[in-house]
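Below is one structure, written out as structure tokens; the observations come after it.
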Amino acid sequence: SRMRNYRIRYLQTRDPLTGLLNRQEFLAILERGVYEGESAALVLLELENLQHRYPQLAPHLLDSLLVIVASQAGMLAEHAELAGRIGDYTLAYIIRGKTSGEITELGRQVSYAVTSHLYDAGEHSIAIGCSIGIAIPRQRLEGGLPLLSSALKACEESHSTGTGKSRVAVSMLDPVVVSGSRNQEEAALLALLRDTSSMTRFHLVYQPIASLRGNDVEKYEVLLRLHDTGNQPVPPARFVPLAERHGLMGSIDRWVVEQVITTMQRRAISTRFFVKLSADSLGDPGFATFLKKSLKKHGVSGERLVFELNAASINGNIRNAVRFCEELRRHDCGVSLEHCEIGQNVAQLFDHIPADYVKLGGHIIRNLADDPDRQARLRAFIKQAEKLDIQIIAGFVENAGCLQVLWLSLIHISEP
């Protein structure tokens with residue numbers, strides 16, 4: 001029994017394709033680490049989006065390519081104390097004990113090994129482009145998020161300055177070292193989040209979701225906002241990651257759900273509310289019981305609630321996500337997936353998670369009017385989704401040209 005539990009725990013921390021650490025486990029370990037000088041570096045290997053570049057390839061062929069690339073990058077793993085898959089096409093490595101020159105040369109060797117190889121994918125032979133970003137701290141860092149931010153910027157620079165598939169530039173950027181005053185601000189914010197009475201500083205904003213299908217049902221996305229002790233707004237990009245790192249999002253999620261259910265009592269019965277749930281709630285075995293009691297207490301129907309789940313959180317533990325969604329269905333609640341890629345096979349994506357809605361991210365919507373290829377892929381995605389009776393929601397619509405494209409696609413608009 002002890003060995004079985006150990007094996008289960010081990011598998012929960014691993015990416016099923018590459019065998020490396022999964023995103024959640026890698027980032028958790030990264031954040032707990034201490035990094036100082038040229039004795040530590042974070043190396044990111046970011047492949048081009050194979051689904052977009054080779055839409056003709058079946059999903060199992062794309063998976064096999066990723067496994068081969070991870071093997072090609074084995075020399076990075078050999079020197080790494082930590083190796084993980086932190087994105088669909090992003091591998092990450094923590095390397096210590098080498099100089100910046102040695103790490104840069106190692107990056108160049110891996111870049112050449114990956115990009116100079118021709119990969120067999122069914123009847124096709126293809127080349128794969130990649131970007132490598134390296135971040136090395138010049139001062140002591142307690143926690144790895146600044147290191148990750150710099151490595152991502154390095155990948156962007158590598159992508160923009162690289163010359164073709166066979167020569168990808170390796171860029172090194174110094175992370176922004178968190179100052180003492182910034183540490184104090186973060187400590188004060190964490191103390192505020194941990195104080196149960198601080199829930200009074202949270203408030204909810206209800207963002208309308210406009211239907212382009214002529215649907216009369218009112219829909220609202222629920223957005224969480226926070227004010228500090230000086231009554232100044234705190235951006236969600238600051239307090240949400242901090243709450244996630246310290247395991248506080250589960251209790252915050254429950255507070256949001258309770259407030260929304262209370263609001264539901266005062267709104268028309270046809271109104272739908274979209275509520276984001278964190279990975280903490282996804283793994284909370286008591287959430288379904290809490291939800292049932294709250295719905296019964298306020299006398300409202302669960303069919304008016306749609307819970308938004310991040311696709312990355314689901315991929316980290318698919319079995320747990322299936323169980324969680326089944327519990328939501330028992331209470332008549334809807335499910336929406338966020339941050340889905342339009343190059344994905346929709347039928348395969350929803351084989352385990354039969355969602356009612358998909359919300360597309362800003363990277364898909366921004367400049368959509370100027371990208372005919374992305375428009376074509378979006379239309380194909382929508383056509384597949386309609387066959388499964390899945391509705392598409394678009395966020396970050398910022399101009400009339402983009403709105404016209406979405407209008408012709410007859411999907412929903414959120415966060416204008």
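Every chain in the structure tokens takes a letter, A first, then B, and so on in the order presented; its residues are numbered from 1, and the ligands are numbered from 1 following the presented order.
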### Task
Extract, using only C-alpha atoms, all DNA, RNA and protein residues at most 12 Å from Ile318 (chain A), discarding same-chain residues fewer than 2 positions from it, and format them as JSON, numbers by chain.
{"A": [11, 12, 15, 16, 279, 282, 283, 310, 311, 312, 313, 314, 315, 316, 320, 321, 322, 323, 324, 325, 349, 350, 351, 352, 353]}
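Pairwise distance (CA of Asp280 (chain A), CA of Gly247 (chain A)) equals 7.0 Å.
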### Query
Where in region 16-241 of chain A does DSSP assign strand (DSSP E), given as a VMD selection string?
chain A and resid 34 to 35 40 to 47 80 to 87 90 to 96 119 to 121 124 to 126 130 to 135 141 to 142 170 to 173 202 to 210 219 to 227 233 to 234
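Atom pair CA of Arg201 (chain A) / CA of Tyr220 (chain A): separated by 21.6 Å.
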